[in-house]
Amino acid sequence: MTSKSRSEKKIQLSIVAPDKATEIFLMDNRFERMQSAVGTLDRKVSPGLYKVRFRSGTTQEDRLVEVPAARPKTELRGKPLAFDSTTPLLDTRARDERQQRLAEEESARTHVRAGKGSGIFLFVRHPQPDTGRHPGEGVTLHSLDGREIADMETGGIYRPEASSCCMNVELAPGTYRLRVETGRLGTFEMFVVACRGWRTMLFGLTSEFANGEEERRASTRLLLKSVSAHMTKPGKAFDPASPSFRLAELARIALETRRTVVDPETFPRVFASARDNPLFGLYGAHLLLQERRPDFRVIDAIAEKLERLIGPHPDVHALWLAGSDERRRKHPVSFPAPPMLMRSWDLITRRSLRKSSIVPAGSFSDRFSNSLLTTTPWLLHRLTESGEKQKTGPSLAKTEEMFDYLAGVSATDKGFSLLDTALNQRKDLTQLERNIVQTLLEQARQSIPQKQKAPSFSLRELVTNVKVPTVSLKRSARSLFDKLDLPDRK
Amino acid sequence: MATDDCAIVVGIQTYPGIGSLEGPCRDALLFAEWLEKTDGGDLPGERIETCLSTDFSPPPDGRPEKTRPDREDIEGLFRPFLEKGVRGEHAGRRLYLFVSGHGFSDAAESYKNVMNTALYTANAGRIVGLHVAITSYAEWIAQSAVFDEIVLIMDCCRTKSLLHSYTCPQLPSINPNPSKTHAVRKFYAFAAPWGHAAKEKAMPHMNNDVYGIFTVALMEALEKARPNRQGNLKGEDVKQYIHNVIDGIAGETAISPPEIYLGTGQDIIWLKRRSSAKRHIPEVTIRLESHTGTEVCVIANGRLEELHRIPFEENKLLCPLEPGLYKISIAGTDRHQLVELLNDDIEITL
């Protein structure tokens with residue numbers, strides 16, 4: 001028999017995290033997890049001692065709490081955790097006041113005028129104090145067609161004592177390319193969307209991109225995957241204490257680390273309180289999409305709010321591609337320009353299996369995917385010197401047939417060896433072609449032992465693996481056949 | 001003795017092309033020592049294959065790309081098990097795979113490869129990221145059911161490289177038996193979550209030598225985590241223990257929490273603690289800021305039930321307590337402290 005009185009005596013325990021994107025874990029006195037939540041955790045518990053873990057980003061802190069029988073309710077409030085933040089926010093590990101002051105002061109000024117209606121603010125800092133090297137070296141901003149708009153070294157403000165630099169550019173709404181030239185390792189780009197009446201703010205850290213001490217000193221550059229993006233109204237100065245920036249920073253880290261820091265029930269309210277930084281809503285919606293059964297009513301409501309707030313934005317449009325056909329029909333979208341987030345790009349490429357024209361042939365979104373880098377959270381690519389000569393691809397059915405043939409080839413010893421040699425020795429394969437060949441080889445390795453026959457080819461799986469829209473696959477199917485000297489199946 | 005178990009232990013710290021580390025060889029030796037201990041892995045020495053940076057001399061011409069251990073050195077350690085796998089043979093009960101060094105994760109966010117983690121070999125450069133796809137080997141061995149249990153420990157970064165793709169090795173084709181494959185028990189532990197860096201630091205309680213923070217947490221768990229009533233220390237116990245202590249071990253060093261995967265089958269039993277073995281009961285030293293001779297210490301357990309009431313005969317007292325949460329107070333006052341007791345002795349002042 002268990003003690004009845006003990007099981008009946010329950011006290012309300014309320015745990016409040018320092019912000020709405022901090023995770024809470026409640027453990028009993030045997031250190032076993034009882035419950036987890038985001039932002040707040042309410043639960044009736046037996047009187048006793050409990051361990052509470054708060055987690056912001058990748059930083060966590062434990063607290064012990066006593067729940068006495070004599071009180072009807074016990075509340076525990078967490079203090080802000082100093083997490084690793086790219087944006088120089090208060091109460092984070094990035095708490096250099098000189099950097100915060102520089103961002104605060106210079107974000108209210110315009111350094112480069114290249115158009116009207118929108119803006120992009122760039123802030124780059126060294127993770128460790130370093131007064132000798134300009135953190136903005138090699139960083140330039142370009143229009144989608146490649147025209148240089150601004151150079152951080154010549155157009156921005158550099159404060160050696162703060163090991164950071166920044167540049168505020170006024171420009172027309174649209175999609176831009178943030179380029180970093182790293183020397184021997186190549187030139188990388190991410191995409192930045194500037195919305196009418198808003199300014200996109202990007203904060204980034206530098207990293208070393210080379211071998212050897214000499215070379216290393218000469219090639220410390222902005223690391224694009226470290227970038228943190230926010231949005232504010234133009235002219236509004238950066239506020240290191242901004243709650244919405246803190247939420248957005250934590251949501252971005254969650255996108256990167258695959259954690260869940262938003263709750264479908266509370267997120268609409270949380271976003272309503274943080275609408276001065278719409279990118280928080282965007283990150284949150286993408287986090288909600290990663291749930292096993294996403295609540296599309298909540299995601300729809302967020303996407304509609306975002307559209308009203310910031311106007312057309314490819315990452316918001318991408319939100320309509322998940323879920324039911326009805327959602328997609330209501331919001332016909334296409335993507336001539338790429339989105340900012342890799343998750344948006346995943347949705348686009350998957351949708352292209354059903355509707356190839358979602359990425360118009362010959363558009364920038366089609367062309368750049370030859371050199372796509374599979375990283376998160378941002379969609380990045382490596383700039384190739386000579387643009388691939390664009391060929392028109394076959395139909396989707398034909399493409400599938402061609403890849404099916406190629407998969408069959410890869411399942412034979414001779415074919416496997418042909419593709420393996422091509423992968424290791426051919427210098428003329430594009431990054432996309434290499435990724436395709438690698439996927440086919442991997443598929444062959446996994447499937448042969450199980451089925452003892454040519455692996456069944458799945459275009460869906462290929463798209464999931466190489467992360468490009470079908471329009472780019474069509475093109476690559478033909479060029480691969482040409483380069484590998486395979487029988488003409490055009 | 002665990003004569004049926006095998007281990008591959010790798011520690012690479014000399015990386016002229018990407019920057020050397022200090023701890024991996026010590027980490028590997030620490031784990032190898034535990035493997036041989038009778039109250040540890042209890043493996044015969046000859047069943048432990050080690051491959052350490054310190055086993056190799058620097059290349060005579062000083063060229064980074066000639067530094068060892070290289071891919072061949074490490075992949076060669078797996079070859080006997082691959083051969084057994086191809087022949088459909090069983091090699092033993094458990095395989096331990098311990099690696100410490102620089103590493104990276106598969107950058108693709110595909111559902112298929114979120115665990116893929118590679119160890120850079122000593123001749124890796126920033127451009128040519130030579131590596132061994134350790135998780136692919138572990139999974140192949142699991143698929144082929146060469147062992148009943150796989151313990152994989154990777155104390156290395158799992159950051160995503162822009163330039164290096166996780167490249168699956170040329171593993172032989174097999175025809176696995178799904179029921180055997182499914183029955184293989186796993187304990188896969190990564191020092192950092194996907195996309196994040198693992199850290200090493202000088203450990204004050206270990207002669208100030210540098211070790212991987214995760215390895216130290218793991219070794220502490222293996223030594224001190226509480227087993228169940230039968231004395232079995234399970235994978236879940238080790239996992240919980242590591243999560244509870246790793247922040248304390250890291251101290252001022254910022255770390256990301258480790259990722260530990262216990263598989264979908266039965267949990268492994270790391271070891272069985274002998275009932276005769278003397279178990280350490282942690283002690284709490286309770287000091288008084290001022291002692292009048294009338295103070296009485298009250299110790300309550302995690303359910304707030306009073307366990308002890310002890311008068312202070314001097315300004316401190318010692319009390320052994322089982323691991324858990326406690327409230328320690330001075331009777332008749334509001335002076336108290338909530339205490340989390342794991343396995344180490346602690347000291348508090350009231």
# chains A, B, ... in the order shown; residues from 1 in each chain; ligands from 1
$ select_by_dssp --residues "stretch 39-107 of chain A" --states "alpha helix (DSSP H)" --output "PDB file with N, CA and C atoms, in the first residue's frame"
ATOM      1  N   GLU A  97      31.535  46.189 -23.622  1.00  0.00           N
ATOM      2  CA  GLU A  97      30.755  47.434 -23.699  1.00  0.00           C
ATOM      3  C   GLU A  97      31.142  48.297 -24.882  1.00  0.00           C
ATOM      4  N   ARG A  98      32.432  48.243 -25.275  1.00  0.00           N
ATOM      5  CA  ARG A  98      32.858  49.074 -26.408  1.00  0.00           C
ATOM      6  C   ARG A  98      32.182  48.606 -27.694  1.00  0.00           C
ATOM      7  N   GLN A  99      32.016  47.318 -27.794  1.00  0.00           N
ATOM      8  CA  GLN A  99      31.340  46.786 -28.986  1.00  0.00           C
ATOM      9  C   GLN A  99      29.859  47.146 -28.961  1.00  0.00           C
ATOM     10  N   GLN A 100      29.269  47.029 -27.790  1.00  0.00           N
ATOM     11  CA  GLN A 100      27.851  47.395 -27.679  1.00  0.00           C
ATOM     12  C   GLN A 100      27.653  48.868 -28.013  1.00  0.00           C
ATOM     13  N   ARG A 101      28.573  49.703 -27.513  1.00  0.00           N
ATOM     14  CA  ARG A 101      28.452  51.153 -27.744  1.00  0.00           C
ATOM     15  C   ARG A 101      28.616  51.468 -29.230  1.00  0.00           C
ATOM     16  N   LEU A 102      29.574  50.798 -29.857  1.00  0.00           N
ATOM     17  CA  LEU A 102      29.804  51.041 -31.288  1.00  0.00           C
ATOM     18  C   LEU A 102      28.547  50.688 -32.086  1.00  0.00           C
ATOM     19  N   ALA A 103      27.969  49.533 -31.786  1.00  0.00           N
ATOM     20  CA  ALA A 103      26.756  49.125 -32.511  1.00  0.00           C
ATOM     21  C   ALA A 103      25.615  50.098 -32.230  1.00  0.00           C
ATOM     22  N   GLU A 104      25.521  50.526 -30.984  1.00  0.00           N
ATOM     23  CA  GLU A 104      24.447  51.445 -30.589  1.00  0.00           C
ATOM     24  C   GLU A 104      24.573  52.776 -31.333  1.00  0.00           C
ATOM     25  N   GLU A 105      25.790  53.332 -31.317  1.00  0.00           N
ATOM     26  CA  GLU A 105      26.001  54.667 -31.905  1.00  0.00           C
ATOM     27  C   GLU A 105      25.891  54.639 -33.426  1.00  0.00           C
ATOM     28  N   GLU A 106      26.564  53.677 -34.030  1.00  0.00           N
ATOM     29  CA  GLU A 106      26.674  53.710 -35.488  1.00  0.00           C
ATOM     30  C   GLU A 106      25.441  53.159 -36.202  1.00  0.00           C
TER      31      GLU A 106
END
$ residues_around --residues "stretch 46-58 of chain B" --least-positions-apart "5" --cutoff "9 Å" --atoms "only C-alpha atoms" --output "ChimeraX atom specification"
/B:3-14,24-25,28-29,32,35-36,63-64,66-69,73-74,77,96,122
$ closest_residue --among "B:Thr294, B:Asn228, B:Asn207, B:Asn175" --to "chain A" --atoms "only C-alpha atoms"
B:Asn175
$ residues_around --residues "B:Leu321" --least-positions-apart "5" --cutoff "7 Å" --atoms "only C-alpha atoms" --output "MDAnalysis selection string"
chainID B and resid 281:283
$ write_last_selection --atoms "N, CA and C atoms" --output "PDB file, in the first residue's frame"
ATOM      1  N   ILE B 281      30.758   6.910   0.430  1.00  0.00           N
ATOM      2  CA  ILE B 281      29.591   7.702   0.841  1.00  0.00           C
ATOM      3  C   ILE B 281      30.088   9.133   1.026  1.00  0.00           C
ATOM      4  N   PRO B 282      29.569  10.048   0.222  1.00  0.00           N
ATOM      5  CA  PRO B 282      30.086  11.412   0.341  1.00  0.00           C
ATOM      6  C   PRO B 282      29.796  12.037   1.699  1.00  0.00           C
ATOM      7  N   GLU B 283      30.698  12.906   2.102  1.00  0.00           N
ATOM      8  CA  GLU B 283      30.537  13.567   3.406  1.00  0.00           C
ATOM      9  C   GLU B 283      30.286  15.050   3.212  1.00  0.00           C
TER      10      GLU B 283
END
$ interface_residues --of "chain B" --to "chain A" --cutoff "7 Å" --atoms "only C-alpha atoms" --output "VMD selection string"
chain B and resid 17 to 18 107 to 108 110 126 to 127 160 162 173 to 175 194 to 195 256 to 257 302 to 304 324 to 325 338
$ write_last_selection --atoms "C-alpha atoms" --output "PDB file, in the first residue's frame"
ATOM      1  CA  GLY B  17      47.800  21.502 -40.349  1.00  0.00           C
ATOM      2  CA  ILE B  18      44.891  22.625 -38.206  1.00  0.00           C
ATOM      3  CA  ALA B 107      26.990  19.563 -42.334  1.00  0.00           C
ATOM      4  CA  ALA B 108      23.862  18.334 -44.055  1.00  0.00           C
ATOM      5  CA  SER B 110      19.355  15.340 -43.368  1.00  0.00           C
ATOM      6  CA  ARG B 126      42.361  23.268 -43.514  1.00  0.00           C
ATOM      7  CA  ILE B 127      41.741  22.626 -47.162  1.00  0.00           C
ATOM      8  CA  LYS B 160      30.090  21.804 -39.308  1.00  0.00           C
ATOM      9  CA  LEU B 162      32.169  24.549 -44.826  1.00  0.00           C
ATOM     10  CA  SER B 173      28.804  -5.022 -48.603  1.00  0.00           C
ATOM     11  CA  ILE B 174      27.017  -7.290 -46.171  1.00  0.00           C
ATOM     12  CA  ASN B 175      23.664  -8.919 -45.912  1.00  0.00           C
ATOM     13  CA  TRP B 194      25.711  18.514 -33.295  1.00  0.00           C
ATOM     14  CA  GLY B 195      27.318  21.675 -34.656  1.00  0.00           C
ATOM     15  CA  SER B 256      27.844  22.885 -24.778  1.00  0.00           C
ATOM     16  CA  PRO B 257      26.086  19.930 -23.177  1.00  0.00           C
ATOM     17  CA  GLY B 302      14.597  15.541  -0.578  1.00  0.00           C
ATOM     18  CA  ARG B 303      11.113  14.875   0.733  1.00  0.00           C
ATOM     19  CA  LEU B 304      11.766  17.277   3.596  1.00  0.00           C
ATOM     20  CA  GLY B 324      20.585  13.343  -3.289  1.00  0.00           C
ATOM     21  CA  LEU B 325      19.063  16.693  -2.408  1.00  0.00           C
ATOM     22  CA  LEU B 338      19.795  23.515  -0.049  1.00  0.00           C
TER      23      LEU B 338
END
$ residues_around --residues "A:Thr87" --least-positions-apart "6" --cutoff "8 Å" --atoms "only C-alpha atoms" --output "PyMOL selection string"
chain A and resi 94+203-204+228+249
$ write_last_selection --atoms "C-alpha atoms" --output "compact mmCIF listing (two decimals), in the first residue's frame"
# COMPACT_ATOMS: atom_id res chain seq x y z
CA ALA A 94 29.48 38.94 -25.70
CA PHE A 203 26.14 40.54 -36.57
CA GLY A 204 29.04 38.19 -37.18
CA SER A 228 23.02 36.44 -36.37
CA GLU A 249 19.27 35.20 -30.83
$ select_by_dssp --residues "stretch 183-315 of chain B" --states "strand (DSSP E)" --output "PDB file with N, CA and C atoms, in the first residue's frame"
ATOM      1  N   ARG B 185      22.954  -3.533 -28.791  1.00  0.00           N
ATOM      2  CA  ARG B 185      22.755  -2.426 -27.845  1.00  0.00           C
ATOM      3  C   ARG B 185      23.842  -1.375 -28.054  1.00  0.00           C
ATOM      4  N   LYS B 186      23.425  -0.109 -27.878  1.00  0.00           N
ATOM      5  CA  LYS B 186      24.372   0.973 -28.188  1.00  0.00           C
ATOM      6  C   LYS B 186      24.469   1.986 -27.048  1.00  0.00           C
ATOM      7  N   PHE B 187      25.649   2.540 -26.940  1.00  0.00           N
ATOM      8  CA  PHE B 187      25.845   3.709 -26.084  1.00  0.00           C
ATOM      9  C   PHE B 187      26.763   4.622 -26.892  1.00  0.00           C
ATOM     10  N   TYR B 188      26.187   5.628 -27.520  1.00  0.00           N
ATOM     11  CA  TYR B 188      26.970   6.550 -28.346  1.00  0.00           C
ATOM     12  C   TYR B 188      27.033   7.894 -27.605  1.00  0.00           C
ATOM     13  N   ALA B 189      28.217   8.300 -27.247  1.00  0.00           N
ATOM     14  CA  ALA B 189      28.343   9.550 -26.494  1.00  0.00           C
ATOM     15  C   ALA B 189      29.239  10.524 -27.241  1.00  0.00           C
ATOM     16  N   PHE B 190      28.722  11.723 -27.445  1.00  0.00           N
ATOM     17  CA  PHE B 190      29.475  12.766 -28.135  1.00  0.00           C
ATOM     18  C   PHE B 190      29.716  13.907 -27.148  1.00  0.00           C
ATOM     19  N   GLU B 200      38.738  21.213 -24.018  1.00  0.00           N
ATOM     20  CA  GLU B 200      39.670  20.589 -23.089  1.00  0.00           C
ATOM     21  C   GLU B 200      40.164  21.664 -22.135  1.00  0.00           C
ATOM     22  N   LYS B 201      40.637  21.261 -20.995  1.00  0.00           N
ATOM     23  CA  LYS B 201      41.168  22.256 -20.047  1.00  0.00           C
ATOM     24  C   LYS B 201      42.125  21.586 -19.065  1.00  0.00           C
ATOM     25  N   ALA B 202      42.907  22.436 -18.423  1.00  0.00           N
ATOM     26  CA  ALA B 202      43.804  21.922 -17.383  1.00  0.00           C
ATOM     27  C   ALA B 202      42.952  21.570 -16.172  1.00  0.00           C
ATOM     28  N   MET B 203      43.126  20.366 -15.646  1.00  0.00           N
ATOM     29  CA  MET B 203      42.299  19.901 -14.533  1.00  0.00           C
ATOM     30  C   MET B 203      43.081  20.051 -13.230  1.00  0.00           C
ATOM     31  N   ASP B 209      47.083  18.859 -15.508  1.00  0.00           N
ATOM     32  CA  ASP B 209      47.263  18.399 -16.888  1.00  0.00           C
ATOM     33  C   ASP B 209      45.978  18.660 -17.674  1.00  0.00           C
ATOM     34  N   VAL B 210      46.162  18.810 -18.980  1.00  0.00           N
ATOM     35  CA  VAL B 210      45.005  19.087 -19.829  1.00  0.00           C
ATOM     36  C   VAL B 210      44.327  17.774 -20.239  1.00  0.00           C
ATOM     37  N   TYR B 211      43.012  17.759 -20.072  1.00  0.00           N
ATOM     38  CA  TYR B 211      42.199  16.613 -20.494  1.00  0.00           C
ATOM     39  C   TYR B 211      40.945  17.143 -21.194  1.00  0.00           C
ATOM     40  N   GLY B 212      40.313  16.294 -21.956  1.00  0.00           N
ATOM     41  CA  GLY B 212      39.008  16.634 -22.509  1.00  0.00           C
ATOM     42  C   GLY B 212      37.997  16.676 -21.378  1.00  0.00           C
ATOM     43  N   ASN B 232      24.158  -2.973 -10.985  1.00  0.00           N
ATOM     44  CA  ASN B 232      24.403  -2.719 -12.411  1.00  0.00           C
ATOM     45  C   ASN B 232      24.434  -1.219 -12.702  1.00  0.00           C
ATOM     46  N   LEU B 233      25.483  -0.796 -13.333  1.00  0.00           N
ATOM     47  CA  LEU B 233      25.568   0.599 -13.758  1.00  0.00           C
ATOM     48  C   LEU B 233      25.156   0.653 -15.229  1.00  0.00           C
ATOM     49  N   LYS B 234      24.013   1.257 -15.466  1.00  0.00           N
ATOM     50  CA  LYS B 234      23.463   1.235 -16.823  1.00  0.00           C
ATOM     51  C   LYS B 234      23.852   2.481 -17.609  1.00  0.00           C
ATOM     52  N   GLU B 259      26.017  15.089 -26.051  1.00  0.00           N
ATOM     53  CA  GLU B 259      24.850  14.392 -26.594  1.00  0.00           C
ATOM     54  C   GLU B 259      25.097  12.894 -26.426  1.00  0.00           C
ATOM     55  N   ILE B 260      24.196  12.241 -25.735  1.00  0.00           N
ATOM     56  CA  ILE B 260      24.380  10.807 -25.461  1.00  0.00           C
ATOM     57  C   ILE B 260      23.152  10.056 -25.950  1.00  0.00           C
ATOM     58  N   TYR B 261      23.420   9.088 -26.790  1.00  0.00           N
ATOM     59  CA  TYR B 261      22.348   8.342 -27.444  1.00  0.00           C
ATOM     60  C   TYR B 261      22.412   6.892 -26.957  1.00  0.00           C
ATOM     61  N   ILE B 269      24.648  -2.410 -19.873  1.00  0.00           N
ATOM     62  CA  ILE B 269      25.130  -2.358 -18.493  1.00  0.00           C
ATOM     63  C   ILE B 269      26.634  -2.134 -18.587  1.00  0.00           C
ATOM     64  N   TRP B 270      27.045  -0.946 -18.210  1.00  0.00           N
ATOM     65  CA  TRP B 270      28.470  -0.613 -18.327  1.00  0.00           C
ATOM     66  C   TRP B 270      29.313  -1.564 -17.493  1.00  0.00           C
ATOM     67  N   LEU B 271      28.878  -1.745 -16.254  1.00  0.00           N
ATOM     68  CA  LEU B 271      29.640  -2.634 -15.366  1.00  0.00           C
ATOM     69  C   LEU B 271      28.765  -3.017 -14.194  1.00  0.00           C
ATOM     70  N   LYS B 272      29.210  -4.013 -13.507  1.00  0.00           N
ATOM     71  CA  LYS B 272      28.519  -4.426 -12.294  1.00  0.00           C
ATOM     72  C   LYS B 272      29.433  -4.108 -11.121  1.00  0.00           C
ATOM     73  N   GLU B 283      30.698  12.906   2.102  1.00  0.00           N
ATOM     74  CA  GLU B 283      30.537  13.567   3.406  1.00  0.00           C
ATOM     75  C   GLU B 283      30.286  15.050   3.212  1.00  0.00           C
ATOM     76  N   VAL B 284      29.420  15.566   4.046  1.00  0.00           N
ATOM     77  CA  VAL B 284      29.175  17.015   4.035  1.00  0.00           C
ATOM     78  C   VAL B 284      29.812  17.595   5.290  1.00  0.00           C
ATOM     79  N   THR B 285      30.665  18.576   5.073  1.00  0.00           N
ATOM     80  CA  THR B 285      31.226  19.299   6.225  1.00  0.00           C
ATOM     81  C   THR B 285      30.407  20.570   6.404  1.00  0.00           C
ATOM     82  N   ILE B 286      29.835  20.708   7.572  1.00  0.00           N
ATOM     83  CA  ILE B 286      28.989  21.891   7.825  1.00  0.00           C
ATOM     84  C   ILE B 286      29.723  22.783   8.818  1.00  0.00           C
ATOM     85  N   ARG B 287      30.041  23.974   8.381  1.00  0.00           N
ATOM     86  CA  ARG B 287      30.765  24.916   9.236  1.00  0.00           C
ATOM     87  C   ARG B 287      29.821  26.007   9.711  1.00  0.00           C
ATOM     88  N   VAL B 296      22.131  23.543  16.787  1.00  0.00           N
ATOM     89  CA  VAL B 296      21.816  22.157  16.423  1.00  0.00           C
ATOM     90  C   VAL B 296      21.569  22.098  14.912  1.00  0.00           C
ATOM     91  N   CYS B 297      22.244  21.150  14.296  1.00  0.00           N
ATOM     92  CA  CYS B 297      22.115  21.031  12.840  1.00  0.00           C
ATOM     93  C   CYS B 297      20.962  20.071  12.509  1.00  0.00           C
ATOM     94  N   VAL B 298      20.089  20.519  11.607  1.00  0.00           N
ATOM     95  CA  VAL B 298      18.971  19.660  11.190  1.00  0.00           C
ATOM     96  C   VAL B 298      19.152  19.332   9.709  1.00  0.00           C
ATOM     97  N   ILE B 299      19.156  18.070   9.424  1.00  0.00           N
ATOM     98  CA  ILE B 299      19.325  17.649   8.020  1.00  0.00           C
ATOM     99  C   ILE B 299      18.057  16.947   7.561  1.00  0.00           C
ATOM    100  N   ALA B 300      17.461  17.502   6.484  1.00  0.00           N
ATOM    101  CA  ALA B 300      16.234  16.907   5.926  1.00  0.00           C
ATOM    102  C   ALA B 300      16.530  16.382   4.537  1.00  0.00           C
ATOM    103  N   GLU B 306      12.892  14.882   8.222  1.00  0.00           N
ATOM    104  CA  GLU B 306      14.093  15.091   9.037  1.00  0.00           C
ATOM    105  C   GLU B 306      14.865  13.774   9.175  1.00  0.00           C
ATOM    106  N   LEU B 307      16.160  13.837   8.832  1.00  0.00           N
ATOM    107  CA  LEU B 307      17.001  12.631   8.914  1.00  0.00           C
ATOM    108  C   LEU B 307      17.880  12.647  10.156  1.00  0.00           C
ATOM    109  N   HIS B 308      18.480  13.814  10.405  1.00  0.00           N
ATOM    110  CA  HIS B 308      19.430  13.919  11.528  1.00  0.00           C
ATOM    111  C   HIS B 308      19.200  15.236  12.271  1.00  0.00           C
ATOM    112  N   ARG B 309      19.477  15.204  13.535  1.00  0.00           N
ATOM    113  CA  ARG B 309      19.483  16.419  14.369  1.00  0.00           C
ATOM    114  C   ARG B 309      20.746  16.288  15.211  1.00  0.00           C
ATOM    115  N   ILE B 310      21.756  17.074  14.897  1.00  0.00           N
ATOM    116  CA  ILE B 310      23.072  16.877  15.533  1.00  0.00           C
ATOM    117  C   ILE B 310      23.547  18.197  16.164  1.00  0.00           C
ATOM    118  N   PRO B 311      23.826  18.169  17.465  1.00  0.00           N
ATOM    119  CA  PRO B 311      24.349  19.399  18.092  1.00  0.00           C
ATOM    120  C   PRO B 311      25.780  19.690  17.614  1.00  0.00           C
TER     121      PRO B 311
END
$ residues_around --residues "A:Phe271" --least-positions-apart "5" --cutoff "12 Å" --atoms "only C-alpha atoms" --output "compact mmCIF listing (two decimals) with C-alpha atoms, in the first residue's frame"
# COMPACT_ATOMS: atom_id res chain seq x y z
CA LYS A 20 10.50 33.13 -23.18
CA ALA A 21 13.11 31.20 -25.15
CA PRO A 243 14.26 41.55 -25.21
CA SER A 244 13.23 40.78 -28.79
CA PHE A 245 16.85 40.62 -29.93
CA LEU A 247 14.66 36.03 -28.07
CA ALA A 248 15.70 36.10 -31.73
CA ALA A 251 15.71 31.12 -31.53
CA VAL A 262 9.12 27.81 -28.75
CA ASP A 263 5.82 26.40 -27.66
CA PRO A 264 2.90 26.47 -30.14
CA GLU A 265 0.48 27.50 -27.42
CA THR A 266 2.38 30.48 -26.15
CA ASP A 276 9.79 45.02 -33.27
CA ASN A 277 12.12 42.25 -34.50
CA PRO A 278 10.09 40.26 -37.06
CA LEU A 279 12.89 37.78 -37.65
CA PHE A 280 12.11 36.29 -34.25
CA GLY A 281 8.69 35.37 -35.65
CA LEU A 282 10.30 33.84 -38.70
CA TYR A 283 12.73 31.74 -36.65
CA GLY A 284 9.90 30.71 -34.34
CA ALA A 285 7.68 29.62 -37.22
CA VAL A 298 -0.39 28.83 -35.43
CA ILE A 299 2.16 28.84 -38.25
CA ALA A 301 -1.23 33.09 -38.21
CA ILE A 302 2.46 33.91 -37.72
CA ALA A 303 3.16 33.87 -41.48
CA LYS A 305 1.35 38.58 -39.45
CA LEU A 306 4.86 38.55 -40.85
$ atom_distance --atom1 "atom CA of A:Ser143" --atom2 "atom CA of A:Leu178"
8.8 Å
$ atom_distance --atom1 "atom CA of B:Ala91" --atom2 "atom CA of B:Glu33"
22.1 Å
$ closest_residue --among "A:Met402, A:Ala397, A:Ile358, A:Leu309" --to "A:Arg478" --atoms "only C-alpha atoms"
A:Met402
$ residues_around --residues "A:Ser352" --least-positions-apart "5" --cutoff "8 Å" --atoms "only C-alpha atoms" --output "list in words"
Ser357, Ile358, Val359, Pro469, Thr470 and Val471 of chain A
$ residues_around --residues "A:Gly174" --least-positions-apart "4" --cutoff "10 Å" --atoms "only C-alpha atoms" --output "tab-separated table (two decimals) with N, CA and C atoms, in the first residue's frame"
chain	number	residue	atom	x	y	z
A	117	GLY	N	14.47	53.09	-49.15
A	117	GLY	CA	13.34	52.22	-48.81
A	117	GLY	C	13.67	51.13	-47.81
A	118	SER	N	14.95	50.82	-47.69
A	118	SER	CA	15.30	49.75	-46.75
A	118	SER	C	16.76	49.91	-46.31
A	119	GLY	N	17.24	48.99	-45.56
A	119	GLY	CA	18.63	49.11	-45.11
A	119	GLY	C	19.20	47.79	-44.62
A	143	SER	N	24.59	43.31	-54.97
A	143	SER	CA	23.22	43.09	-55.41
A	143	SER	C	23.11	41.65	-55.89
A	144	LEU	N	21.89	41.21	-56.18
A	144	LEU	CA	21.73	39.81	-56.59
A	144	LEU	C	22.45	39.52	-57.90
A	192	VAL	N	20.86	38.09	-48.05
A	192	VAL	CA	20.26	38.97	-47.05
A	192	VAL	C	19.05	39.65	-47.70
A	193	VAL	N	17.92	39.51	-47.06
A	193	VAL	CA	16.70	40.13	-47.60
A	193	VAL	C	16.46	41.44	-46.86
A	194	ALA	N	16.30	42.51	-47.65
A	194	ALA	CA	15.99	43.82	-47.07
A	194	ALA	C	14.53	44.14	-47.41
A	195	CYS	N	13.73	44.40	-46.40
A	195	CYS	CA	12.29	44.64	-46.62
A	195	CYS	C	11.98	46.13	-46.56
A	196	ARG	N	10.94	46.51	-47.31
A	196	ARG	CA	10.55	47.93	-47.34
A	196	ARG	C	10.15	48.40	-45.95
A	312	PRO	N	6.67	41.13	-48.80
A	312	PRO	CA	7.16	39.87	-49.36
A	312	PRO	C	8.57	39.54	-48.87
A	313	HIS	N	8.75	38.29	-48.47
A	313	HIS	CA	10.04	37.84	-47.95
A	313	HIS	C	10.14	36.35	-48.29
A	337	ALA	N	14.65	34.46	-56.30
A	337	ALA	CA	15.78	34.82	-55.42
A	337	ALA	C	15.77	33.87	-54.23
$ closest_residue --among "B:Lys84, B:Lys37, B:His205, B:His196" --to "A:Ile253" --atoms "only C-alpha atoms"
B:His196
